[in-house]
>>> print(open('work_4.tsv').read())   # TSV, C-alpha atoms
chain	number	residue	atom	x	y	z
A	1	MET	CA	0.00	0.00	0.00
A	2	GLN	CA	1.29	3.43	-0.91
A	3	PRO	CA	2.00	5.93	1.97
A	4	ALA	CA	-0.47	8.42	0.48
A	5	ALA	CA	-3.29	5.93	0.82
A	6	ALA	CA	-2.37	5.31	4.46
A	7	LYS	CA	-2.26	9.01	5.31
A	8	GLY	CA	-5.17	10.17	3.18
A	9	ARG	CA	-5.81	13.57	1.66
A	10	LEU	CA	-4.71	16.88	3.15
A	11	LEU	CA	-6.18	20.27	2.21
A	12	ILE	CA	-4.18	23.48	2.80
A	13	VAL	CA	-6.16	26.73	2.60
A	14	GLU	CA	-4.65	30.09	1.63
A	15	LEU	CA	-7.03	32.61	0.09
A	16	ASP	CA	-4.73	35.64	0.55
A	17	GLY	CA	-1.20	34.66	-0.47
A	18	THR	CA	0.52	37.95	0.36
A	19	GLY	CA	3.67	38.37	2.42
A	20	HIS	CA	5.16	35.16	3.83
A	21	ARG	CA	1.93	33.13	3.76
A	22	LEU	CA	2.86	31.03	0.72
A	23	TYR	CA	6.22	30.31	2.38
A	24	TYR	CA	4.25	28.69	5.21
A	25	VAL	CA	2.19	26.79	2.63
A	26	ARG	CA	5.35	25.45	1.01
A	27	LEU	CA	6.75	24.24	4.32
A	28	LEU	CA	3.49	22.46	5.11
A	29	ALA	CA	3.14	20.92	1.65
A	30	GLN	CA	6.73	19.66	1.58
A	31	GLU	CA	6.44	18.01	4.98
A	32	ALA	CA	3.02	16.53	4.18
A	33	LEU	CA	4.32	15.06	0.92
A	34	SER	CA	7.24	13.48	2.74
A	35	ASP	CA	4.71	12.01	5.22
A	36	GLY	CA	2.77	10.38	2.39
A	37	PHE	CA	-0.22	12.70	2.19
A	38	ASP	CA	-2.07	13.39	-1.05
A	39	VAL	CA	-1.77	17.20	-0.87
A	40	HIS	CA	-4.42	19.59	-2.17
A	41	LEU	CA	-4.08	23.38	-2.05
A	42	VAL	CA	-7.03	25.76	-2.26
A	43	LEU	CA	-6.14	29.32	-3.30
A	44	GLY	CA	-7.86	32.62	-3.82
A	45	ASP	CA	-7.76	34.46	-7.13
A	46	GLY	CA	-5.50	37.37	-7.97
A	47	VAL	CA	-2.34	38.30	-9.81
A	48	GLU	CA	-0.23	38.46	-6.66
A	49	MET	CA	-1.38	35.00	-5.61
A	50	ARG	CA	-0.39	33.48	-8.96
A	51	ALA	CA	2.98	35.25	-8.94
A	52	GLY	CA	3.67	34.08	-5.40
A	53	LEU	CA	2.68	30.54	-6.30
A	54	GLU	CA	5.38	30.37	-8.98
A	55	LEU	CA	7.97	31.93	-6.67
A	56	HIS	CA	7.38	29.82	-3.58
A	57	LEU	CA	5.95	26.51	-4.79
A	58	ALA	CA	7.32	25.99	-8.29
A	59	ALA	CA	9.44	22.98	-7.25
A	60	ILE	CA	6.50	21.03	-5.81
A	61	LEU	CA	3.61	22.14	-8.06
A	62	PRO	CA	3.71	18.91	-10.11
A	63	ARG	CA	3.16	16.92	-6.91
A	64	ILE	CA	0.14	18.79	-5.52
A	65	SER	CA	-3.38	19.54	-6.74
A	66	ILE	CA	-4.51	23.18	-6.99
A	67	HIS	CA	-8.09	24.34	-6.46
A	68	SER	CA	-9.69	27.78	-6.26
A	69	ALA	CA	-12.21	29.25	-3.83
A	70	SER	CA	-13.55	32.68	-2.98
A	71	ALA	CA	-15.48	31.98	0.25
A	72	TRP	CA	-15.29	29.70	3.28
A	73	ARG	CA	-18.34	27.66	2.21
A	74	ASP	CA	-16.39	26.79	-0.98
A	75	VAL	CA	-13.60	25.44	1.20
A	76	GLU	CA	-16.00	23.25	3.19
A	77	ARG	CA	-17.65	21.99	-0.02
A	78	LEU	CA	-14.27	21.17	-1.58
A	79	ALA	CA	-13.06	19.39	1.56
A	80	THR	CA	-16.24	17.30	1.55
A	81	ASN	CA	-15.97	16.42	-2.14
A	82	LEU	CA	-12.31	15.43	-1.73
A	83	ARG	CA	-13.05	13.52	1.50
A	84	VAL	CA	-9.95	14.96	3.15
A	85	SER	CA	-8.77	13.67	6.52
A	86	MET	CA	-7.30	17.01	7.59
A	87	THR	CA	-7.60	20.68	6.57
A	88	ILE	CA	-4.96	23.22	7.63
A	89	VAL	CA	-5.36	27.00	7.55
A	90	PRO	CA	-2.01	28.72	8.21
A	91	ASP	CA	-3.63	32.20	8.37
A	92	ALA	CA	-6.86	31.57	10.25
A	93	ASP	CA	-7.59	34.85	12.08
A	94	ARG	CA	-10.10	36.04	9.50
A	95	TYR	CA	-12.22	32.89	9.73
A	96	LEU	CA	-12.99	32.91	13.46
A	97	VAL	CA	-16.24	34.85	13.04
A	98	THR	CA	-17.28	32.67	10.10
A	99	LEU	CA	-16.67	29.48	12.09
A	100	LEU	CA	-18.78	30.86	14.93
A	101	ARG	CA	-21.64	31.69	12.56
A	102	ARG	CA	-21.48	28.25	10.96
A	103	LEU	CA	-21.33	26.51	14.35
A	104	GLY	CA	-17.86	25.12	13.76
A	105	TRP	CA	-16.28	23.11	10.97
A	106	GLN	CA	-18.78	21.70	8.47
A	107	GLY	CA	-16.20	19.78	6.45
A	108	PRO	CA	-14.86	16.25	7.04
A	109	GLY	CA	-12.00	15.24	9.31
A	110	ARG	CA	-10.05	17.65	11.47
A	111	LEU	CA	-9.47	21.38	10.99
A	112	ASN	CA	-6.11	22.73	12.19
A	113	LEU	CA	-5.99	26.53	12.54
A	114	LEU	CA	-2.98	28.80	13.01
A	115	ILE	CA	-3.79	32.16	14.59
A	116	MET	CA	-1.10	34.56	13.38
A	117	ARG	CA	-2.03	37.55	15.54
A	118	ALA	CA	-3.27	36.50	18.98
A	119	THR	CA	-2.93	40.12	20.17
A	120	VAL	CA	-5.27	42.65	18.55
A	121	GLU	CA	-3.52	45.71	17.15
A	122	ARG	CA	-4.03	48.93	19.11
A	123	ARG	CA	-5.21	51.27	16.40
A	124	GLY	CA	-8.48	52.88	15.32
A	125	GLY	CA	-11.99	51.45	15.48
A	126	ARG	CA	-13.58	50.31	18.70
A	127	ARG	CA	-11.87	50.47	22.07
A	128	PRO	CA	-8.79	48.20	22.08
A	129	TRP	CA	-9.94	46.22	25.13
A	130	MET	CA	-13.23	45.41	23.41
A	131	ARG	CA	-11.49	44.08	20.33
A	132	ARG	CA	-9.02	42.07	22.43
A	133	LEU	CA	-11.85	40.57	24.45
A	134	ALA	CA	-13.87	39.75	21.33
A	135	LYS	CA	-10.95	37.94	19.73
A	136	ALA	CA	-10.15	36.07	22.93
A	137	VAL	CA	-13.77	34.86	23.13
A	138	LEU	CA	-13.77	33.84	19.46
A	139	MET	CA	-10.57	31.86	19.92
A	140	LEU	CA	-11.88	30.14	23.04
A	141	VAL	CA	-15.23	29.18	21.49
A	142	THR	CA	-13.53	27.91	18.33
A	143	SER	CA	-11.03	25.83	20.30
A	144	LEU	CA	-13.88	24.01	22.10
A	145	HIS	CA	-15.11	22.43	18.86
A	146	PRO	CA	-14.18	18.72	19.02
A	147	ARG	CA	-12.79	18.60	15.46
A	148	ILE	CA	-10.87	21.88	15.54
A	149	ARG	CA	-7.33	22.28	16.83
A	150	LEU	CA	-6.29	25.88	17.34
A	151	ARG	CA	-2.67	26.94	17.61
A	152	VAL	CA	-1.06	30.36	18.00
A	153	LEU	CA	1.96	31.65	16.10
A	154	ARG	CA	4.78	32.95	18.27
A	155	SER	CA	8.22	34.18	17.36
A	156	ALA	CA	11.11	31.74	17.29
A	157	LEU	CA	12.36	33.39	20.50
A	158	TRP	CA	9.08	33.48	22.42
A	159	CYS	CA	9.01	32.21	25.99
A	160	GLY	CA	6.03	32.39	28.29
A	161	ARG	CA	2.68	30.80	29.05
A	162	SER	CA	-0.11	30.18	26.58
A	163	ARG	CA	-3.64	28.80	26.87
A	164	TYR	CA	-3.15	27.30	23.41
A	165	GLN	CA	-0.45	25.19	21.84
A	166	ILE	CA	2.10	27.46	20.17
A	167	VAL	CA	3.83	27.18	16.81
A	168	ARG	CA	7.17	28.94	16.54
A	169	ASP	CA	7.89	31.08	13.48
A	170	PRO	CA	10.28	29.04	11.31
A	171	VAL	CA	13.83	30.17	10.66
A	172	ASP	CA	15.38	28.74	7.49
A	173	LEU	CA	18.11	30.20	5.29
A	174	SER	CA	18.02	28.72	1.79
A	175	CYS	CA	20.90	30.69	0.24
A	176	THR	CA	24.54	29.78	-0.37
A	177	PRO	CA	27.55	32.12	0.08
A	178	ALA	CA	27.83	32.32	-3.72
A	179	GLU	CA	24.20	33.45	-3.98
A	180	VAL	CA	24.80	36.12	-1.34
A	181	ASP	CA	27.82	37.42	-3.28
A	182	SER	CA	25.82	37.41	-6.50
A	183	LEU	CA	23.01	39.42	-4.91
A	184	ARG	CA	25.48	41.98	-3.53
A	185	ARG	CA	26.89	42.48	-7.04
A	186	THR	CA	23.51	42.55	-8.80
A	187	TRP	CA	21.96	45.02	-6.34
A	188	ASN	CA	25.14	47.12	-6.02
A	189	LEU	CA	25.55	46.70	-2.27
A	190	ASP	CA	29.13	47.98	-2.13
A	191	SER	CA	31.19	46.64	0.76
A	192	ASP	CA	32.57	50.03	1.89
A	193	ARG	CA	29.08	51.17	2.91
A	194	TYR	CA	27.06	50.08	5.97
A	195	TRP	CA	23.79	48.67	4.69
A	196	PHE	CA	20.53	48.80	6.59
A	197	GLY	CA	17.60	46.87	5.17
A	198	LEU	CA	13.79	46.90	5.00
A	199	LEU	CA	12.64	43.62	3.50
A	200	GLY	CA	9.46	41.73	2.60
A	201	ALA	CA	6.06	43.23	1.83
A	202	ILE	CA	6.73	46.97	2.25
A	203	SER	CA	3.45	48.50	3.42
A	204	GLU	CA	2.80	51.58	5.54
A	205	ARG	CA	3.16	49.50	8.70
A	206	LYS	CA	6.92	49.17	8.10
A	207	ASN	CA	7.41	52.97	8.25
A	208	ALA	CA	9.93	53.29	5.43
A	209	PRO	CA	9.82	57.15	5.37
A	210	LEU	CA	10.49	57.29	9.11
A	211	VAL	CA	13.45	54.92	8.76
A	212	LEU	CA	14.86	57.01	5.92
A	213	ASP	CA	14.43	60.21	7.96
A	214	ALA	CA	16.24	58.63	10.92
A	215	LEU	CA	19.07	57.40	8.70
A	216	THR	CA	19.40	60.86	7.13
A	217	GLN	CA	19.75	62.35	10.61
A	218	LEU	CA	22.32	59.70	11.48
A	219	SER	CA	24.28	60.23	8.26
A	220	ASP	CA	24.42	64.00	8.78
A	221	ALA	CA	25.80	63.52	12.31
A	222	ASP	CA	28.16	60.60	11.67
A	223	GLY	CA	29.56	61.22	8.21
A	224	ARG	CA	30.17	57.54	7.40
A	225	PRO	CA	28.74	56.06	4.16
A	226	ILE	CA	25.30	54.57	4.85
A	227	GLY	CA	22.90	52.74	2.56
A	228	LEU	CA	19.29	51.59	2.85
A	229	LEU	CA	18.11	48.57	0.90
A	230	ILE	CA	14.32	48.39	0.47
A	231	ALA	CA	13.55	45.06	-1.17
A	232	GLY	CA	10.12	43.53	-1.66
A	233	GLN	CA	6.81	44.53	-3.20
A	234	CYS	CA	6.01	48.09	-2.10
A	235	SER	CA	2.54	49.56	-1.68
A	236	PRO	CA	1.78	52.57	-3.95
A	237	SER	CA	1.66	54.98	-1.00
A	238	VAL	CA	5.10	53.89	0.19
A	239	LEU	CA	6.54	54.32	-3.30
A	240	GLU	CA	5.06	57.80	-3.52
A	241	SER	CA	6.55	58.82	-0.18
A	242	LEU	CA	9.96	57.48	-1.21
A	243	ARG	CA	9.85	59.40	-4.49
A	244	ARG	CA	9.35	62.65	-2.56
A	245	HIS	CA	12.22	61.87	-0.22
A	246	THR	CA	15.67	63.23	-1.00
A	247	GLY	CA	17.39	60.97	1.51
A	248	GLY	CA	20.38	63.29	1.98
A	249	GLU	CA	23.64	61.34	2.00
A	250	VAL	CA	21.89	57.98	2.43
A	251	MET	CA	22.29	55.72	-0.62
A	252	LEU	CA	18.90	54.16	-1.41
A	253	ARG	CA	18.57	50.85	-3.25
A	254	LEU	CA	14.98	49.96	-4.15
A	255	VAL	CA	13.93	46.52	-5.43
A	256	ASP	CA	10.15	46.80	-5.84
A	257	ARG	CA	8.94	43.28	-6.63
A	258	LEU	CA	8.21	39.93	-5.08
A	259	LEU	CA	11.41	38.24	-3.95
A	260	THR	CA	12.22	34.58	-4.31
A	261	ASP	CA	13.00	32.68	-1.11
A	262	VAL	CA	16.68	32.63	-2.04
A	263	GLU	CA	16.70	36.38	-2.72
A	264	MET	CA	15.01	37.13	0.59
A	265	ASP	CA	17.43	34.99	2.56
A	266	ALA	CA	20.46	36.29	0.66
A	267	ALA	CA	19.34	39.86	1.33
A	268	VAL	CA	19.12	39.16	5.07
A	269	VAL	CA	22.69	37.85	5.01
A	270	ALA	CA	24.01	40.59	2.71
A	271	ILE	CA	22.91	43.60	4.78
A	272	ASP	CA	24.62	44.68	7.99
A	273	CYS	CA	21.45	45.52	9.93
A	274	LEU	CA	17.79	44.59	9.49
A	275	VAL	CA	15.34	47.34	10.48
A	276	LEU	CA	11.92	46.27	11.79
A	277	ALA	CA	10.05	49.50	12.59
A	278	HIS	CA	6.52	48.10	12.80
A	279	SER	CA	3.33	49.96	13.63
A	280	ASN	CA	1.42	46.68	14.10
A	281	ASP	CA	2.03	44.15	16.84
A	282	GLY	CA	3.04	40.60	16.00
A	283	PRO	CA	6.03	38.29	15.46
A	284	SER	CA	8.39	38.82	12.55
A	285	GLY	CA	9.87	35.87	10.72
A	286	LEU	CA	12.60	38.18	9.43
A	287	PHE	CA	13.75	38.79	13.02
A	288	GLY	CA	14.58	35.10	13.36
A	289	LYS	CA	16.19	34.95	9.91
A	290	ALA	CA	18.48	37.85	10.85
A	291	LEU	CA	19.55	36.09	14.05
A	292	GLY	CA	20.15	32.89	12.10
A	293	ALA	CA	22.27	34.83	9.60
A	294	GLY	CA	24.26	36.76	12.19
A	295	THR	CA	22.74	40.07	11.04
A	296	ARG	CA	22.11	42.79	13.62
A	297	VAL	CA	18.49	43.91	14.22
A	298	VAL	CA	17.05	47.32	15.10
A	299	ALA	CA	13.41	46.93	16.11
A	300	ALA	CA	10.88	49.64	16.92
A	301	GLY	CA	7.22	50.07	17.79
A	302	SER	CA	5.85	46.55	18.14
A	303	SER	CA	5.65	45.17	21.68
A	304	ALA	CA	6.18	41.66	20.28
A	305	LEU	CA	9.47	42.81	18.76
A	306	LYS	CA	10.38	44.44	22.08
A	307	ALA	CA	9.81	41.12	23.86
A	308	ASP	CA	12.02	39.27	21.35
A	309	THR	CA	14.74	41.89	21.76
A	310	LEU	CA	14.72	41.43	25.53
A	311	VAL	CA	15.09	37.66	25.08
A	312	VAL	CA	17.97	37.83	22.62
A	313	GLY	CA	19.83	40.69	24.31
A	314	GLY	CA	21.61	43.81	23.15
A	315	GLY	CA	24.43	41.87	21.54
A	316	HIS	CA	22.12	40.97	18.66
A	317	ALA	CA	19.26	43.49	18.69
A	318	VAL	CA	17.99	46.75	20.16
A	319	TRP	CA	14.45	48.12	20.45
A	320	CYS	CA	13.17	51.69	20.58
A	321	SER	CA	9.99	53.71	20.16
A	322	LEU	CA	8.69	54.81	16.76
A	323	SER	CA	10.16	58.30	16.89
A	324	GLU	CA	12.75	59.69	14.52
A	325	SER	CA	15.23	60.66	17.25
A	326	ASP	CA	15.00	57.33	19.13
A	327	LEU	CA	15.27	55.37	15.91
A	328	ALA	CA	18.30	57.39	14.81
A	329	GLY	CA	19.94	56.62	18.15
A	330	ALA	CA	19.27	52.88	17.82
A	331	LEU	CA	20.53	52.83	14.23
A	332	GLY	CA	23.67	54.67	15.35
A	333	GLN	CA	24.21	52.06	18.04
A	334	ALA	CA	24.05	49.34	15.39
A	335	LEU	CA	26.47	51.25	13.20
A	336	ASP	CA	29.02	51.24	16.04
A	337	SER	CA	28.63	47.54	16.84
A	338	CYS	CA	30.32	44.42	15.47
A	339	ARG	CA	28.37	41.82	13.51
A	340	PRO	CA	26.94	39.27	16.00
A	341	ASP	CA	27.33	35.49	15.87
A	342	ALA	CA	24.58	33.48	14.18
A	343	LYS	CA	21.99	31.74	16.38
A	344	LYS	CA	20.41	28.31	15.93
A	345	LEU	CA	16.59	28.58	15.98
A	346	PRO	CA	13.56	26.32	15.20
A	347	ASP	CA	13.35	25.53	11.49
A	348	GLY	CA	10.63	24.95	8.92
A	349	THR	CA	10.36	21.24	9.65
A	350	THR	CA	9.54	21.98	13.30
A	351	PHE	CA	6.92	24.53	12.17
A	352	ALA	CA	5.24	22.16	9.72
A	353	ARG	CA	5.18	19.18	12.08
A	354	SER	CA	3.49	21.31	14.74
A	355	LEU	CA	0.58	22.02	12.36
A	356	LEU	CA	0.39	18.52	10.91
A	357	SER	CA	-0.01	16.83	14.29
>>> encode(input="work_4.tsv", output="structure tokens")
Amino acid sequence: MQPAAAKGRLLIVELDGTGHRLYYVRLLAQEALSDGFDVHLVLGDGVEMRAGLELHLAAILPRISIHSASAWRDVERLATNLRVSMTIVPDADRYLVTLLRRLGWQGPGRLNLLIMRATVERRGGRRPWMRRLAKAVLMLVTSLHPRIRLRVLRSALWCGRSRYQIVRDPVDLSCTPAEVDSLRRTWNLDSDRYWFGLLGAISERKNAPLVLDALTQLSDADGRPIGLLIAGQCSPSVLESLRRHTGGEVMLRLVDRLLTDVEMDAAVVAIDCLVLAHSNDGPSGLFGKALGAGTRVVAAGSSALKADTLVVGGGHAVWCSLSESDLAGALGQALDSCRPDAKKLPDGTTFARSLLS
């Protein structure tokens, strides 16, 4: 008997596909295939989704079946038609209300959910405590369903207590030294300049203009050659703000497109300091990648990033508030520090096995 028949069918759901979500899908699909599952992937529509699919899953596309859906009821119907034994949603926050309305999971087998943001962001809308309470109640009610297993994403460095089983953000580096050197040449990251980096999906929450302002202040005061690499697909508003910015003596390198996994990892290794100035609160997979690469981190804003910085210590990372002066001070501290040693952290296999169990 083939292993796939013994394990049955697995359905992975990702209707968004932005940011690092398809990276999570790839890790899950690879591990499930090695376990003998017949893997099915249900995706939303959209140009970005299709582009990300080719970037992140090209190597395993011939071994998995692709389906499309636009609503949660389509997912349940597909799972029923396929007679899957397990369905995994690696970005499940948005479906908590839907699951409550539908009285739980209406598909076959078990539903494994990963909550990516257990803490509600403190911005706009209703009072923050009301939104935090509402999400806590939704998570609790959902977790009581006998065929639903709910897990919470935490950073690779997280330590503490949790009502729910945690899944640590995976830290994998898929690049070789030759690929890092090639990226430095292709993107003109000259070695006589100290390179800070903003990487990934560059939306307003990553505060690119603020980082550039702080680096300009630092460059004017210090006089040493400084560069800022912004690599990843940028939102139109971020691009517009960067176009209006002179940047002073700061050399700006902009790579406005989706990055392959190798490019992302090589960029983390190639820069001297990763900047995570986040307005929203939540773990950052790039934080762990930087530690795994031996790249210094300057974090700002997010309390989750502050907690990770306290765990790892000032030898690898510093945290500050989201103000230009404080950020300039933290970036200056990084500029005066040696490159830290690389750290060993939980990898993609550990992440995938946590969700497949």
>>> closest_residue(input="work_4.tsv", among="A:Leu22, A:Leu140, A:Val311, A:Leu78", to="Val97 in chain A", atoms="only C-alpha atoms")
A:Leu140
>>> atom_distance(input="work_4.tsv", atom1="CA of Glu54 in chain A", atom2="CA of His40 in chain A")
16.1 Å
>>> closest_residue(input="work_4.tsv", among="A:Asn207, A:Thr186, A:Ser219, A:Thr260", to="Cys234 in chain A", atoms="all atoms listed in the file")
A:Asn207
>>> residues_around(input="work_4.tsv", residues="Gly315 in chain A", least_positions_apart="2", cutoff="7 Å", atoms="only C-alpha atoms", output="list in words")
Gly313, Ala317 and Pro340 of chain A
>>> closest_residue(input="work_4.tsv", among="A:Cys159, A:Ala231, A:Ala134, A:Ile148", to="Leu99 in chain A", atoms="all atoms listed in the file")
A:Ile148
>>> residues_around(input="work_4.tsv", residues="Arg163 in chain A", least_positions_apart="4", cutoff="12 Å", atoms="only C-alpha atoms", output="list in words")
Ala118, Ala136, Met139, Leu140, Ser143, Leu150, Arg151 and Val152 of chain A
>>> closest_residue(input="work_4.tsv", among="A:Val211, A:Gly200, A:Ser303, A:Thr309", to="Ser241 in chain A", atoms="all atoms listed in the file")
A:Val211
>>> closest_residue(input="work_4.tsv", among="A:Ser70, A:Ser323, A:Gln233, A:Ser155", to="Ala307 in chain A", atoms="only C-alpha atoms")
A:Ser155
>>> atom_distance(input="work_4.tsv", atom1="CA of Tyr24 in chain A", atom2="CA of Gly104 in chain A")
24.0 Å
>>> closest_residue(input="work_4.tsv", among="A:Lys289, A:Arg101, A:Arg149, A:Arg184", to="Leu113 in chain A", atoms="only C-alpha atoms")
A:Arg149
>>> closest_atom_pairs(input="work_4.tsv", of="range 188-235 of chain A", to="range 272-276 of chain A", cutoff="12 Å", atoms="only C-alpha atoms", output="CSV")
residue,atom,partner,partner_atom,distance
A:Leu189,CA,A:Asp272,CA,10.5
A:Asp190,CA,A:Asp272,CA,11.6
A:Ser191,CA,A:Asp272,CA,10.0
A:Asp192,CA,A:Asp272,CA,11.4
A:Arg193,CA,A:Asp272,CA,9.4
A:Tyr194,CA,A:Asp272,CA,6.3
A:Trp195,CA,A:Asp272,CA,5.2
A:Phe196,CA,A:Cys273,CA,4.8
A:Gly197,CA,A:Leu274,CA,4.9
A:Leu198,CA,A:Val275,CA,5.7
A:Leu199,CA,A:Leu274,CA,8.0
A:Gly200,CA,A:Leu276,CA,10.5
A:Ala201,CA,A:Leu276,CA,11.9
A:Ile202,CA,A:Leu276,CA,10.9
A:Arg205,CA,A:Leu276,CA,9.8
A:Lys206,CA,A:Leu276,CA,6.9
A:Asn207,CA,A:Leu276,CA,8.8
A:Ala208,CA,A:Val275,CA,9.5
A:Leu210,CA,A:Val275,CA,11.2
A:Val211,CA,A:Val275,CA,8.0
A:Leu212,CA,A:Val275,CA,10.7
A:Ala214,CA,A:Val275,CA,11.3
A:Leu215,CA,A:Val275,CA,10.9
A:Ile226,CA,A:Asp272,CA,10.4
A:Gly227,CA,A:Asp272,CA,9.9
A:Leu228,CA,A:Cys273,CA,9.6
A:Leu229,CA,A:Leu274,CA,9.5
A:Ile230,CA,A:Val275,CA,10.1
A:Ala231,CA,A:Leu274,CA,11.5
>>> closest_atom_pairs(input="work_4.tsv", of="range 118-208 of chain A", to="range 343-351 of chain A", cutoff="10 Å", atoms="only C-alpha atoms", output="Markdown table")
| residue | atom | partner | partner_atom | distance |
| --- | --- | --- | --- | --- |
| A:Leu153 | CA | A:Phe351 | CA | 9.5 |
| A:Ser155 | CA | A:Pro346 | CA | 9.7 |
| A:Ala156 | CA | A:Pro346 | CA | 6.3 |
| A:Leu157 | CA | A:Leu345 | CA | 7.8 |
| A:Ile166 | CA | A:Phe351 | CA | 9.8 |
| A:Val167 | CA | A:Phe351 | CA | 6.2 |
| A:Arg168 | CA | A:Phe351 | CA | 6.2 |
| A:Asp169 | CA | A:Phe351 | CA | 6.7 |
| A:Pro170 | CA | A:Asp347 | CA | 4.7 |
| A:Val171 | CA | A:Asp347 | CA | 4.7 |
| A:Asp172 | CA | A:Asp347 | CA | 5.5 |
| A:Leu173 | CA | A:Asp347 | CA | 9.1 |
>>> atom_distance(input="work_4.tsv", atom1="CA of Arg110 in chain A", atom2="CA of Asp35 in chain A")
17.0 Å
>>> residues_near_point(input="work_4.tsv", point="(-17.1, 29.0, 1.3)", cutoff="12 Å", atoms="only C-alpha atoms", output="list in words")
Val13, Leu15, Val42, Leu43, Gly44, Ser68, Ala69, Ser70, Ala71, Trp72, Arg73, Asp74, Val75, Glu76, Arg77, Leu78, Ala79, Thr80, Tyr95, Thr98, Leu99, Arg102, Trp105, Gln106 and Gly107 of chain A
>>> write_last_selection(input="work_4.tsv", atoms="C-alpha atoms", output="PDB file, in the coordinates of the input")
ATOM      1  CA  VAL A  13      -6.160  26.730   2.600  1.00  0.00           C
ATOM      2  CA  LEU A  15      -7.030  32.610   0.090  1.00  0.00           C
ATOM      3  CA  VAL A  42      -7.030  25.760  -2.260  1.00  0.00           C
ATOM      4  CA  LEU A  43      -6.140  29.320  -3.300  1.00  0.00           C
ATOM      5  CA  GLY A  44      -7.860  32.620  -3.820  1.00  0.00           C
ATOM      6  CA  SER A  68      -9.690  27.780  -6.260  1.00  0.00           C
ATOM      7  CA  ALA A  69     -12.210  29.250  -3.830  1.00  0.00           C
ATOM      8  CA  SER A  70     -13.550  32.680  -2.980  1.00  0.00           C
ATOM      9  CA  ALA A  71     -15.480  31.980   0.250  1.00  0.00           C
ATOM     10  CA  TRP A  72     -15.290  29.700   3.280  1.00  0.00           C
ATOM     11  CA  ARG A  73     -18.340  27.660   2.210  1.00  0.00           C
ATOM     12  CA  ASP A  74     -16.390  26.790  -0.980  1.00  0.00           C
ATOM     13  CA  VAL A  75     -13.600  25.440   1.200  1.00  0.00           C
ATOM     14  CA  GLU A  76     -16.000  23.250   3.190  1.00  0.00           C
ATOM     15  CA  ARG A  77     -17.650  21.990  -0.020  1.00  0.00           C
ATOM     16  CA  LEU A  78     -14.270  21.170  -1.580  1.00  0.00           C
ATOM     17  CA  ALA A  79     -13.060  19.390   1.560  1.00  0.00           C
ATOM     18  CA  THR A  80     -16.240  17.300   1.550  1.00  0.00           C
ATOM     19  CA  TYR A  95     -12.220  32.890   9.730  1.00  0.00           C
ATOM     20  CA  THR A  98     -17.280  32.670  10.100  1.00  0.00           C
ATOM     21  CA  LEU A  99     -16.670  29.480  12.090  1.00  0.00           C
ATOM     22  CA  ARG A 102     -21.480  28.250  10.960  1.00  0.00           C
ATOM     23  CA  TRP A 105     -16.280  23.110  10.970  1.00  0.00           C
ATOM     24  CA  GLN A 106     -18.780  21.700   8.470  1.00  0.00           C
ATOM     25  CA  GLY A 107     -16.200  19.780   6.450  1.00  0.00           C
TER      26      GLY A 107
END
>>> residues_around(input="work_4.tsv", residues="Ser235 in chain A", least_positions_apart="2", cutoff="8 Å", atoms="all atoms listed in the file", output="list in words")
Ile202, Ser203, Glu204, Gln233, Ser237, Val238 and Leu239 of chain A
>>> build_atoms(input="work_4.tsv", residues="range 51-58 of chain A", atoms="N, CA, C and O atoms", output="PDB file, in the frame of the given file")
ATOM      1  N   ALA A  51       1.541  34.964  -8.905  1.00  0.00           N
ATOM      2  CA  ALA A  51       2.980  35.250  -8.940  1.00  0.00           C
ATOM      3  C   ALA A  51       3.686  34.599  -7.753  1.00  0.00           C
ATOM      4  O   ALA A  51       4.766  34.012  -7.902  1.00  0.00           O
ATOM      5  N   GLY A  52       3.082  34.688  -6.582  1.00  0.00           N
ATOM      6  CA  GLY A  52       3.670  34.080  -5.400  1.00  0.00           C
ATOM      7  C   GLY A  52       3.718  32.575  -5.491  1.00  0.00           C
ATOM      8  O   GLY A  52       4.653  31.929  -4.991  1.00  0.00           O
ATOM      9  N   LEU A  53       2.729  31.990  -6.130  1.00  0.00           N
ATOM     10  CA  LEU A  53       2.680  30.540  -6.300  1.00  0.00           C
ATOM     11  C   LEU A  53       3.893  30.061  -7.092  1.00  0.00           C
ATOM     12  O   LEU A  53       4.546  29.069  -6.720  1.00  0.00           O
ATOM     13  N   GLU A  54       4.214  30.748  -8.163  1.00  0.00           N
ATOM     14  CA  GLU A  54       5.380  30.370  -8.980  1.00  0.00           C
ATOM     15  C   GLU A  54       6.684  30.576  -8.211  1.00  0.00           C
ATOM     16  O   GLU A  54       7.620  29.791  -8.333  1.00  0.00           O
ATOM     17  N   LEU A  55       6.738  31.641  -7.417  1.00  0.00           N
ATOM     18  CA  LEU A  55       7.970  31.930  -6.670  1.00  0.00           C
ATOM     19  C   LEU A  55       8.221  30.917  -5.561  1.00  0.00           C
ATOM     20  O   LEU A  55       9.335  30.429  -5.391  1.00  0.00           O
ATOM     21  N   HIS A  56       7.196  30.601  -4.795  1.00  0.00           N
ATOM     22  CA  HIS A  56       7.380  29.820  -3.580  1.00  0.00           C
ATOM     23  C   HIS A  56       7.159  28.319  -3.748  1.00  0.00           C
ATOM     24  O   HIS A  56       7.729  27.524  -2.997  1.00  0.00           O
ATOM     25  N   LEU A  57       6.317  27.924  -4.704  1.00  0.00           N
ATOM     26  CA  LEU A  57       5.950  26.510  -4.790  1.00  0.00           C
ATOM     27  C   LEU A  57       6.285  25.843  -6.115  1.00  0.00           C
ATOM     28  O   LEU A  57       5.848  24.728  -6.372  1.00  0.00           O
ATOM     29  N   ALA A  58       7.053  26.520  -6.950  1.00  0.00           N
ATOM     30  CA  ALA A  58       7.320  25.990  -8.290  1.00  0.00           C
ATOM     31  C   ALA A  58       7.880  24.566  -8.252  1.00  0.00           C
ATOM     32  O   ALA A  58       7.505  23.711  -9.068  1.00  0.00           O
TER      33      ALA A  58
END
